[in-house]
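Below is the file entry20.csv, which contains CSV, C-alpha atoms and all ligand atoms.
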chain,number,residue,atom,x,y,z
K,1,MET,CA,29.0,-10.9,-4.3
K,2,SER,CA,25.7,-8.9,-4.4
K,3,PHE,CA,25.5,-5.6,-6.1
K,4,SER,CA,25.0,-4.0,-2.7
K,5,GLY,CA,28.1,-5.7,-1.4
K,6,ASP,CA,30.1,-4.4,-4.5
K,7,VAL,CA,28.9,-0.8,-3.9
K,8,LYS,CA,30.0,-1.1,-0.2
K,9,ARG,CA,33.3,-2.5,-1.0
K,10,GLU,CA,33.9,0.3,-3.4
K,11,LEU,CA,32.9,2.9,-0.9
K,12,SER,CA,35.1,1.4,1.8
K,13,GLU,CA,38.1,2.2,-0.3
K,14,HIS,CA,37.0,5.8,-0.7
K,15,VAL,CA,38.6,7.7,2.1
K,16,GLY,CA,38.5,11.5,1.9
K,17,SER,CA,41.6,13.6,2.8
K,18,ALA,CA,39.8,16.5,4.5
K,19,ARG,CA,39.2,16.1,8.2
K,20,HIS,CA,35.7,17.6,8.0
K,21,CYS,CA,34.7,14.8,5.5
K,22,LEU,CA,36.2,12.1,7.7
K,23,ILE,CA,34.2,13.4,10.6
K,24,ALA,CA,31.0,13.7,8.6
K,25,GLU,CA,31.3,10.1,7.4
K,26,LEU,CA,32.2,8.9,10.9
K,27,ALA,CA,29.1,10.7,12.3
K,28,ALA,CA,26.9,8.9,9.8
K,29,LEU,CA,28.4,5.5,10.8
K,30,ILE,CA,28.0,6.2,14.5
K,31,CYS,CA,24.4,7.3,13.9
K,32,ALA,CA,23.7,4.1,11.9
K,33,CYS,CA,25.6,1.6,14.1
K,34,GLY,CA,26.6,3.3,17.3
K,35,GLN,CA,25.5,2.7,20.9
K,36,MET,CA,26.3,4.4,24.1
K,37,SER,CA,26.3,2.9,27.6
K,38,ALA,CA,27.0,4.9,30.7
K,39,ASP,CA,28.1,2.2,33.2
K,40,PRO,CA,30.9,1.4,32.4
K,41,PRO,CA,31.2,4.2,29.9
K,42,CYS,CA,31.5,2.8,26.4
K,43,LEU,CA,30.8,4.0,22.9
K,44,GLU,CA,30.4,0.9,20.7
K,45,VAL,CA,30.0,0.8,16.9
K,46,HIS,CA,28.7,-2.6,16.0
K,47,THR,CA,28.2,-3.9,12.4
K,48,GLU,CA,27.1,-7.2,10.9
K,49,ASN,CA,29.6,-6.9,8.1
K,50,GLU,CA,33.3,-6.3,8.0
K,51,VAL,CA,33.2,-3.5,5.5
K,52,PRO,CA,31.6,-0.7,7.6
K,53,TYR,CA,33.6,-1.9,10.6
K,54,LYS,CA,36.9,-1.4,8.7
K,55,LYS,CA,35.8,1.9,7.4
K,56,THR,CA,34.9,3.1,10.9
K,57,PHE,CA,38.2,1.9,12.2
K,58,THR,CA,40.1,3.8,9.4
K,59,LEU,CA,38.2,7.0,10.0
K,60,LEU,CA,38.8,6.9,13.7
K,61,GLN,CA,42.5,6.3,13.2
K,62,LYS,CA,42.9,9.1,10.7
K,63,ALA,CA,40.9,11.7,12.6
K,64,PHE,CA,41.8,11.0,16.2
K,65,THR,CA,44.3,9.4,18.5
K,66,ILE,CA,42.4,7.0,20.6
K,67,LYS,CA,44.2,4.9,23.2
K,68,SER,CA,41.2,3.1,24.5
K,69,LEU,CA,40.0,1.8,21.1
K,70,GLN,CA,39.3,-2.0,21.2
K,71,GLU,CA,38.3,-4.3,18.4
K,72,HIS,CA,36.0,-7.3,18.8
K,73,HIS,CA,35.0,-9.9,16.4
K,74,GLN,CA,32.7,-12.8,17.2
K,75,GLU,CA,32.1,-15.6,14.7
K,76,GLY,CA,28.5,-15.0,13.5
K,77,GLY,CA,28.1,-12.1,15.9
K,78,GLY,CA,29.5,-9.3,13.8
K,79,TRP,CA,32.2,-6.8,14.4
K,80,SER,CA,32.5,-4.1,17.0
K,81,LEU,CA,34.7,-1.2,18.0
K,82,LYS,CA,34.7,0.1,21.5
K,83,ILE,CA,36.0,3.3,23.0
K,84,THR,CA,36.0,3.1,26.8
K,85,GLU,CA,37.8,6.2,28.0
K,86,PRO,CA,35.1,8.9,28.8
K,87,ALA,CA,37.4,11.8,27.7
K,88,GLU,CA,38.0,10.0,24.4
K,89,ILE,CA,34.3,9.2,23.9
K,90,LEU,CA,33.5,12.9,24.5
K,91,THR,CA,36.2,14.0,22.1
K,92,VAL,CA,34.8,11.8,19.3
K,93,LEU,CA,31.2,12.6,19.9
K,94,SER,CA,31.8,16.3,20.2
K,95,ALA,CA,33.8,16.4,17.0
K,96,CYS,CA,30.9,14.5,15.3
K,97,GLY,CA,28.3,16.9,16.7
K,98,LEU,CA,26.6,14.0,18.4
K,99,VAL,CA,26.6,15.1,22.1
K,100,GLN,CA,23.5,16.2,23.9
K,101,ARG,CA,24.2,17.8,27.3
K,102,THR,CA,21.7,16.7,29.9
K,103,ALA,CA,21.2,17.4,33.6
K,104,ASP,CA,23.2,14.4,34.7
K,105,GLY,CA,26.0,14.7,32.0
K,106,TRP,CA,25.6,14.0,28.3
K,107,ARG,CA,24.2,11.5,25.9
K,108,LEU,CA,24.4,10.4,22.3
K,109,GLU,CA,22.3,12.5,19.9
K,110,GLY,CA,20.1,11.0,17.2
K,111,ALA,CA,21.4,13.1,14.4
K,112,PRO,CA,24.5,15.4,14.2
K,113,GLU,CA,24.4,19.1,14.5
K,114,GLU,CA,23.9,21.1,11.3
K,115,ARG,CA,27.6,22.2,11.1
K,116,ILE,CA,28.7,18.6,10.4
K,117,THR,CA,26.9,18.6,7.1
K,118,GLU,CA,27.3,22.2,6.1
K,119,ARG,CA,29.7,21.7,3.2
K,120,VAL,CA,28.7,19.8,0.0
K,121,CYS,CA,31.7,17.5,0.4
K,122,CYS,CA,30.7,16.6,3.9
K,123,ARG,CA,27.1,15.9,2.9
K,124,LYS,CA,28.4,13.5,0.3
K,125,ALA,CA,30.6,11.9,2.9
K,126,TYR,CA,27.7,11.6,5.4
K,127,ILE,CA,25.5,9.9,2.8
K,128,ARG,CA,28.4,7.5,2.0
K,129,GLY,CA,28.8,6.7,5.7
K,130,ALA,CA,25.0,6.2,6.1
K,131,PHE,CA,24.9,3.8,3.2
K,132,LEU,CA,27.9,1.8,4.5
K,133,GLY,CA,26.3,1.6,8.0
K,134,SER,CA,22.6,1.2,7.1
K,135,GLY,CA,22.1,1.0,3.4
K,136,SER,CA,21.4,-1.5,0.7
K,137,ILE,CA,20.7,-1.5,-3.0
K,138,ASN,CA,19.0,-4.1,-5.1
K,139,ASP,CA,20.6,-5.7,-8.2
K,140,PRO,CA,19.4,-3.4,-11.0
K,141,ASN,CA,18.7,-6.4,-13.1
K,142,LYS,CA,15.8,-7.1,-10.7
K,143,ASN,CA,14.2,-3.8,-9.6
K,144,TYR,CA,15.3,-0.4,-8.7
K,145,HIS,CA,15.5,0.0,-4.9
K,146,LEU,CA,17.9,1.7,-2.6
K,147,GLU,CA,17.3,2.1,1.1
K,148,PHE,CA,18.8,3.1,4.4
K,149,VAL,CA,17.4,1.3,7.5
K,150,LEU,CA,17.7,3.3,10.7
K,151,GLU,CA,16.4,3.0,14.2
K,152,GLN,CA,15.2,6.5,14.8
K,153,LYS,CA,12.9,8.7,12.6
K,154,GLU,CA,15.3,11.7,13.2
K,155,LYS,CA,18.1,9.7,11.6
K,156,ALA,CA,16.0,8.6,8.6
K,157,GLU,CA,14.9,12.2,8.1
K,158,LYS,CA,18.4,13.4,8.2
K,159,VAL,CA,19.4,11.2,5.3
K,160,ARG,CA,16.3,12.2,3.4
K,161,GLU,CA,17.1,15.9,3.9
K,162,LEU,CA,20.7,15.5,2.7
K,163,LEU,CA,19.6,13.6,-0.4
K,164,GLN,CA,17.0,16.3,-1.1
K,165,SER,CA,19.8,18.9,-1.0
K,166,PHE,CA,21.2,17.1,-4.1
K,167,GLY,CA,17.8,17.1,-5.8
K,168,VAL,CA,17.1,13.4,-4.9
K,169,GLU,CA,13.6,12.8,-3.6
K,170,ALA,CA,13.6,9.9,-1.1
K,171,HIS,CA,10.7,8.8,1.1
K,172,VAL,CA,10.6,7.7,4.7
K,173,LEU,CA,8.4,5.0,6.1
K,174,SER,CA,8.3,3.1,9.4
K,175,ARG,CA,8.3,-0.7,9.5
K,176,ARG,CA,8.3,-3.2,12.3
K,177,ARG,CA,11.2,-5.5,12.5
K,178,PHE,CA,11.7,-8.0,15.3
K,179,SER,CA,9.0,-6.2,17.3
K,180,LYS,CA,11.0,-3.0,17.0
K,181,GLU,CA,10.0,0.1,15.0
K,182,ILE,CA,12.5,1.0,12.3
K,183,TYR,CA,12.6,3.8,9.8
K,184,VAL,CA,13.5,3.4,6.2
K,185,THR,CA,14.6,6.1,3.8
K,186,TYR,CA,14.1,4.7,0.3
K,187,LEU,CA,13.9,5.5,-3.3
K,188,LYS,CA,12.8,3.5,-6.3
K,189,ASP,CA,13.6,5.7,-9.3
K,190,GLY,CA,16.4,4.4,-11.5
K,191,SER,CA,17.9,7.7,-12.4
K,192,GLN,CA,17.7,9.0,-8.8
K,193,ILE,CA,19.5,5.9,-7.6
K,194,ALA,CA,22.2,6.5,-10.2
K,195,ASP,CA,22.5,10.1,-8.7
K,196,VAL,CA,22.9,8.7,-5.2
K,197,LEU,CA,25.7,6.3,-6.4
K,198,ASN,CA,27.4,9.3,-8.0
K,199,ILE,CA,27.0,11.5,-4.8
K,200,MET,CA,28.6,8.7,-2.7
K,201,GLY,CA,31.5,8.5,-5.1
K,202,SER,CA,30.7,4.9,-6.1
K,203,HIS,CA,31.7,5.4,-9.7
K,204,ALA,CA,32.6,1.9,-10.9
K,205,SER,CA,29.2,0.7,-9.6
K,206,LEU,CA,27.5,3.6,-11.2
K,207,LEU,CA,28.9,2.6,-14.6
K,208,ARG,CA,27.6,-0.9,-14.1
K,209,PHE,CA,24.3,0.3,-12.9
K,210,GLU,CA,23.9,2.6,-15.9
K,211,ASP,CA,24.9,-0.2,-18.4
K,212,ILE,CA,22.2,-2.5,-17.0
K,213,ARG,CA,19.7,0.4,-17.0
K,214,VAL,CA,20.4,1.2,-20.7
K,215,VAL,CA,20.0,-2.5,-21.7
K,216,LYS,CA,16.7,-2.7,-19.6
K,217,ASP,CA,15.4,0.5,-21.2
K,218,VAL,CA,16.1,-0.7,-24.7
K,219,ARG,CA,14.5,-4.1,-23.9
K,220,ASN,CA,11.4,-2.3,-22.5
K,221,LYS,CA,11.2,-0.1,-25.6
K,222,ILE,CA,11.5,-3.2,-27.9
K,223,ASN,CA,8.8,-5.0,-25.9
K,224,ARG,CA,6.5,-2.0,-26.1
K,225,GLN,CA,7.1,-1.8,-29.9
K,226,VAL,CA,6.5,-5.5,-30.4
K,227,ASN,CA,3.3,-5.3,-28.4
K,228,CYS,CA,2.2,-2.3,-30.5
K,229,GLU,CA,3.1,-4.0,-33.8
K,230,ALA,CA,1.2,-7.1,-32.7
K,231,ALA,CA,-1.9,-5.0,-31.9
K,232,ASN,CA,-1.6,-3.3,-35.3
K,233,LEU,CA,-1.2,-6.7,-37.0
K,234,ASP,CA,-4.4,-7.9,-35.2
K,235,ARG,CA,-6.2,-4.9,-36.5
K,236,VAL,CA,-4.9,-5.5,-40.1
K,237,ILE,CA,-6.0,-9.2,-39.9
K,238,SER,CA,-9.4,-8.6,-38.5
K,239,ALA,CA,-10.1,-5.9,-41.2
K,240,ALA,CA,-8.8,-8.2,-43.9
K,241,VAL,CA,-11.0,-11.1,-42.6
K,242,ARG,CA,-14.1,-8.8,-42.6
K,243,GLN,CA,-13.3,-7.5,-46.1
K,244,THR,CA,-12.9,-11.0,-47.5
K,245,GLU,CA,-16.3,-12.1,-46.0
K,246,ASP,CA,-18.0,-9.0,-47.5
K,247,ILE,CA,-16.5,-9.7,-50.9
K,248,GLN,CA,-17.4,-13.4,-50.8
K,249,LEU,CA,-21.0,-12.4,-50.0
K,250,ILE,CA,-21.1,-9.9,-52.9
K,251,ASP,CA,-19.8,-12.6,-55.2
K,252,GLU,CA,-22.4,-15.1,-54.1
K,253,MET,CA,-25.3,-12.8,-54.3
K,254,ILE,CA,-24.7,-10.6,-57.3
K,255,GLY,CA,-21.3,-11.7,-58.8
K,256,LEU,CA,-18.2,-9.6,-58.8
K,257,ASP,CA,-18.7,-9.0,-62.5
K,258,THR,CA,-21.5,-6.6,-61.7
K,259,LEU,CA,-19.2,-4.2,-59.8
K,260,PRO,CA,-17.6,-1.2,-61.4
K,261,LYS,CA,-14.0,-1.9,-62.6
K,262,GLY,CA,-12.2,-0.2,-59.7
K,263,LEU,CA,-14.2,-2.0,-57.0
K,264,ARG,CA,-13.9,-5.3,-58.8
K,265,GLU,CA,-10.1,-5.0,-59.0
K,266,ALA,CA,-10.0,-4.2,-55.3
K,267,ALA,CA,-12.2,-7.2,-54.5
K,268,GLU,CA,-10.1,-9.5,-56.5
K,269,ALA,CA,-6.9,-8.2,-55.0
K,270,ARG,CA,-8.3,-8.9,-51.5
K,271,LEU,CA,-9.4,-12.4,-52.4
K,272,ALA,CA,-6.0,-13.1,-54.0
K,273,ALA,CA,-4.2,-12.0,-50.8
K,274,PRO,CA,-6.5,-12.5,-47.8
K,275,ASP,CA,-3.8,-11.4,-45.2
K,276,ALA,CA,-2.2,-8.5,-47.1
K,277,SER,CA,-2.1,-5.1,-45.5
K,278,LEU,CA,-3.7,-2.0,-47.0
K,279,SER,CA,-0.3,-0.8,-48.2
K,280,GLU,CA,0.4,-4.2,-49.9
K,281,ILE,CA,-2.9,-4.0,-51.8
K,282,SER,CA,-2.3,-0.4,-52.7
K,283,ILE,CA,1.1,-1.5,-54.2
K,284,ARG,CA,-0.6,-4.4,-56.0
K,285,LEU,CA,-3.2,-2.1,-57.6
K,286,GLY,CA,-0.9,0.8,-58.2
K,287,ILE,CA,-3.1,3.3,-56.4
K,288,GLY,CA,-2.8,5.2,-53.1
K,289,LYS,CA,-3.7,3.8,-49.7
K,290,SER,CA,-6.6,6.2,-49.3
K,291,GLY,CA,-8.0,5.0,-52.7
K,292,VAL,CA,-7.8,1.4,-51.6
K,293,ASN,CA,-9.5,2.3,-48.3
K,294,HIS,CA,-12.2,4.1,-50.2
K,295,ARG,CA,-12.9,1.1,-52.4
K,296,PHE,CA,-13.1,-1.3,-49.5
K,297,ARG,CA,-15.5,1.1,-47.8
K,298,LYS,CA,-17.7,1.0,-50.9
K,299,LEU,CA,-17.6,-2.8,-51.0
K,300,LEU,CA,-18.6,-2.8,-47.3
K,301,GLU,CA,-21.6,-0.6,-48.0
K,302,ILE,CA,-22.7,-2.9,-50.9
K,303,ALA,CA,-22.3,-5.9,-48.7
K,304,GLU,CA,-24.3,-4.2,-45.9
K,305,SER,CA,-27.1,-3.3,-48.2
K,306,LEU,CA,-27.2,-6.8,-49.7
K,307,LYS,CA,-27.4,-8.2,-46.1
K,308,LYS,CA,-30.3,-5.8,-45.3
K,309,ASN,CA,-32.2,-6.9,-48.5
K,310,GLN,CA,-31.7,-10.5,-47.5
K,311,GLU,CA,-33.4,-10.0,-44.1
O,401,ZN,ZN,34.0,17.9,3.8
Go through the file and emit its structure as structure tokens.
Amino acid sequence: MSFSGDVKRELSEHVGSARHCLIAELAALICACGQMSADPPCLEVHTENEVPYKKTFTLLQKAFTIKSLQEHHQEGGGWSLKITEPAEILTVLSACGLVQRTADGWRLEGAPEERITERVCCRKAYIRGAFLGSGSINDPNKNYHLEFVLEQKEKAEKVRELLQSFGVEAHVLSRRRFSKEIYVTYLKDGSQIADVLNIMGSHASLLRFEDIRVVKDVRNKINRQVNCEAANLDRVISAAVRQTEDIQLIDEMIGLDTLPKGLREAAEARLAAPDASLSEISIRLGIGKSGVNHRFRKLLEIAESLKKNQE
């Protein structure tokens, strides 16, 4: 199963005991997957997957007594729950803060009233329900991405606001899907995604996510280090090649014997070990690195002036 599927399965087993939390999570699921029709009256929660469907069913059963609740499952057509008794629809939607009174009756609101998500526990429950009904998360082995796909901007903004109340900065963008405008609340930061898993109460998935993140971080650090060392090595080699060329030039033109003792020793040490680093040469000569550096600079100056005389 996908990482996203694992998170959802874990969240489906997470059922709060307080009624306010059950209602908040149910409100999120109705916002994500609910539809209202007036004639005949019907509140339908339709999901592509079984997990959010089962959770909706459990929440409805625990928080209400609904006689007109019907279950439908069509092969390839997803799952749906229908409430057909107007009084029962109104009870559920009023409890979830999702009823808008209109001139000719009432309709389903885009996002619930503030009171539904006033408590911290209920905000967590709402985010959990929104994820079950509209969310997905990428396998952290690939890239960090968590999103909620919703049909109205108001709904996407509601999720963004609730995440923000926990210090998680998500973004909302609109996208076209099947010639319909949809709104996506998304985040791409690994540590913030870990925070969201924690907020939703998806603790087993959070541990797995963090394990993968630690391994990835270590791997990235090693890669950076290897690249950095390779760059250093390139510098060491190109400096050594240059020094060897200079010394060979000096040897051909005036002979290494003509050099003062210190310079001659440095020149011979370089010729004996063309790919040694400055530190290795300094150990060989028994002098400090800056001393070796100084001698090579002198040799370079001599080679430069010989080249100039040659021209
Ligand atoms: Zn609560």
With 12 Å as the cut-off and all atoms listed in the file counted, what is the closest atom pair between each nearby residue of chain K and ligand ZN 401 (chain O)? Distances in Å to one decimal, ordered by chain and number, as CSV.
residue,atom,partner,partner_atom,distance
K:Val15,CA,O:ZN401,ZN,11.3
K:Gly16,CA,O:ZN401,ZN,8.1
K:Ser17,CA,O:ZN401,ZN,8.8
K:Ala18,CA,O:ZN401,ZN,6.0
K:Arg19,CA,O:ZN401,ZN,7.0
K:His20,CA,O:ZN401,ZN,4.5
K:Cys21,CA,O:ZN401,ZN,3.6
K:Leu22,CA,O:ZN401,ZN,7.3
K:Ile23,CA,O:ZN401,ZN,8.2
K:Ala24,CA,O:ZN401,ZN,7.0
K:Glu25,CA,O:ZN401,ZN,9.0
K:Leu26,CA,O:ZN401,ZN,11.6
K:Arg115,CA,O:ZN401,ZN,10.6
K:Ile116,CA,O:ZN401,ZN,8.5
K:Thr117,CA,O:ZN401,ZN,7.9
K:Glu118,CA,O:ZN401,ZN,8.3
K:Arg119,CA,O:ZN401,ZN,5.8
K:Val120,CA,O:ZN401,ZN,6.8
K:Cys121,CA,O:ZN401,ZN,4.1
K:Cys122,CA,O:ZN401,ZN,3.5
K:Arg123,CA,O:ZN401,ZN,7.2
K:Lys124,CA,O:ZN401,ZN,7.9
K:Ala125,CA,O:ZN401,ZN,7.0
K:Tyr126,CA,O:ZN401,ZN,9.1
K:Ile127,CA,O:ZN401,ZN,11.7
K:Arg128,CA,O:ZN401,ZN,11.9
List the spatial neighbours of Leu306 of chain K as a short mmCIF file (atom, residue, chain, number, x, y, z; two decimals) with C-alpha atoms, in the frame of the given file - criterion: any atom at most 12 Å away, only C-alpha atoms, same-chain residues fewer than 6 positions off excluded.
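What ended up in selection32.cif:
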data_model
loop_
_atom_site.label_atom_id
_atom_site.label_comp_id
_atom_site.auth_asym_id
_atom_site.auth_seq_id
_atom_site.Cartn_x
_atom_site.Cartn_y
_atom_site.Cartn_z
CA ASP K 246 -18.00 -9.00 -47.50
CA ILE K 247 -16.50 -9.70 -50.90
CA GLN K 248 -17.40 -13.40 -50.80
CA LEU K 249 -21.00 -12.40 -50.00
CA ILE K 250 -21.10 -9.90 -52.90
CA ASP K 251 -19.80 -12.60 -55.20
CA GLU K 252 -22.40 -15.10 -54.10
CA MET K 253 -25.30 -12.80 -54.30
CA ILE K 254 -24.70 -10.60 -57.30
CA GLY K 255 -21.30 -11.70 -58.80
CA LEU K 299 -17.60 -2.80 -51.00
CA LEU K 300 -18.60 -2.80 -47.30
#
I'd like to know which of K:Asp257, K:Glu50, K:Glu311, K:Glu88 is closest to Glu71 of chain K, using only C-alpha atoms. K:Glu50
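Distance annotation: of K:Glu280, K:Gln164, K:Pro140, K:Glu301, the residue with the minimal separation from Leu207 of chain K is K:Pro140; atom set is all atoms listed in the file.
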Please report the interatomic distance between atom CA of Gln35 of chain K and atom CA of Leu11 of chain K in Å with one decimal. 23.0 Å
Find, counting only C-alpha atoms, the residue in K:Thr56, K:Ser191, K:Ser4, K:Ser68 that gets nearest to Thr84 of chain K. K:Ser68
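Going from atom CA of Ser282 of chain K over to atom CA of Glu245 of chain K, you cover 19.4 Å.
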Do you know which residues are at most 9 Å from Leu173 of chain K counting all atoms listed in the file, after dropping those on the same chain fewer than 4 positions away, and could you put them as a VMD selection string? chain K and resid 153 156 182 to 186
So which residues touch Glu169 of chain K within 8 Å, counting all atoms listed in the file, skipping near sequence neighbours fewer than 6 positions away, as a PyMOL selection string? chain K and resi 160+163+187+192
List the residues sitting within 9 Å of (27.4, 2.5, 2.5) in the file's frame, using only C-alpha atoms, as a list of chain:residue names. K:Ser4, K:Val7, K:Lys8, K:Arg9, K:Leu11, K:Ser12, K:Leu29, K:Val51, K:Pro52, K:Ile127, K:Arg128, K:Gly129, K:Ala130, K:Phe131, K:Leu132, K:Gly133, K:Ser134, K:Gly135, K:Ser136, K:Phe148, K:Met200
Enumerate, as a PyMOL selection string, the protein, DNA and RNA residues whose atoms approach (36.3, -7.0, 17.4) to within 12 Å, taking into account all atoms listed in the file and the coordinate frame of the file. chain K and resi 44-50+53-54+57+69-83
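Atom CA of Arg235 of chain K lies 11.1 Å from atom CA of Asp275 of chain K.
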The residue from K:Lys289, K:His14, K:Arg284, K:Arg295 with the smallest atom-to-atom distance to Ala267 of chain K, counting all atoms listed in the file, is K:Arg295
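Restricting the calculation to all atoms listed in the file, the smallest distance between Asp139 of chain K and any of K:Ile66, K:Val168, K:Leu206, K:Cys33 is found for K:Leu206.
The residue that comes closest to Arg213 of chain K, out of K:Ala194, K:Cys96, K:Leu90, K:Ala38 and on the basis of only C-alpha atoms, is K:Ala194.
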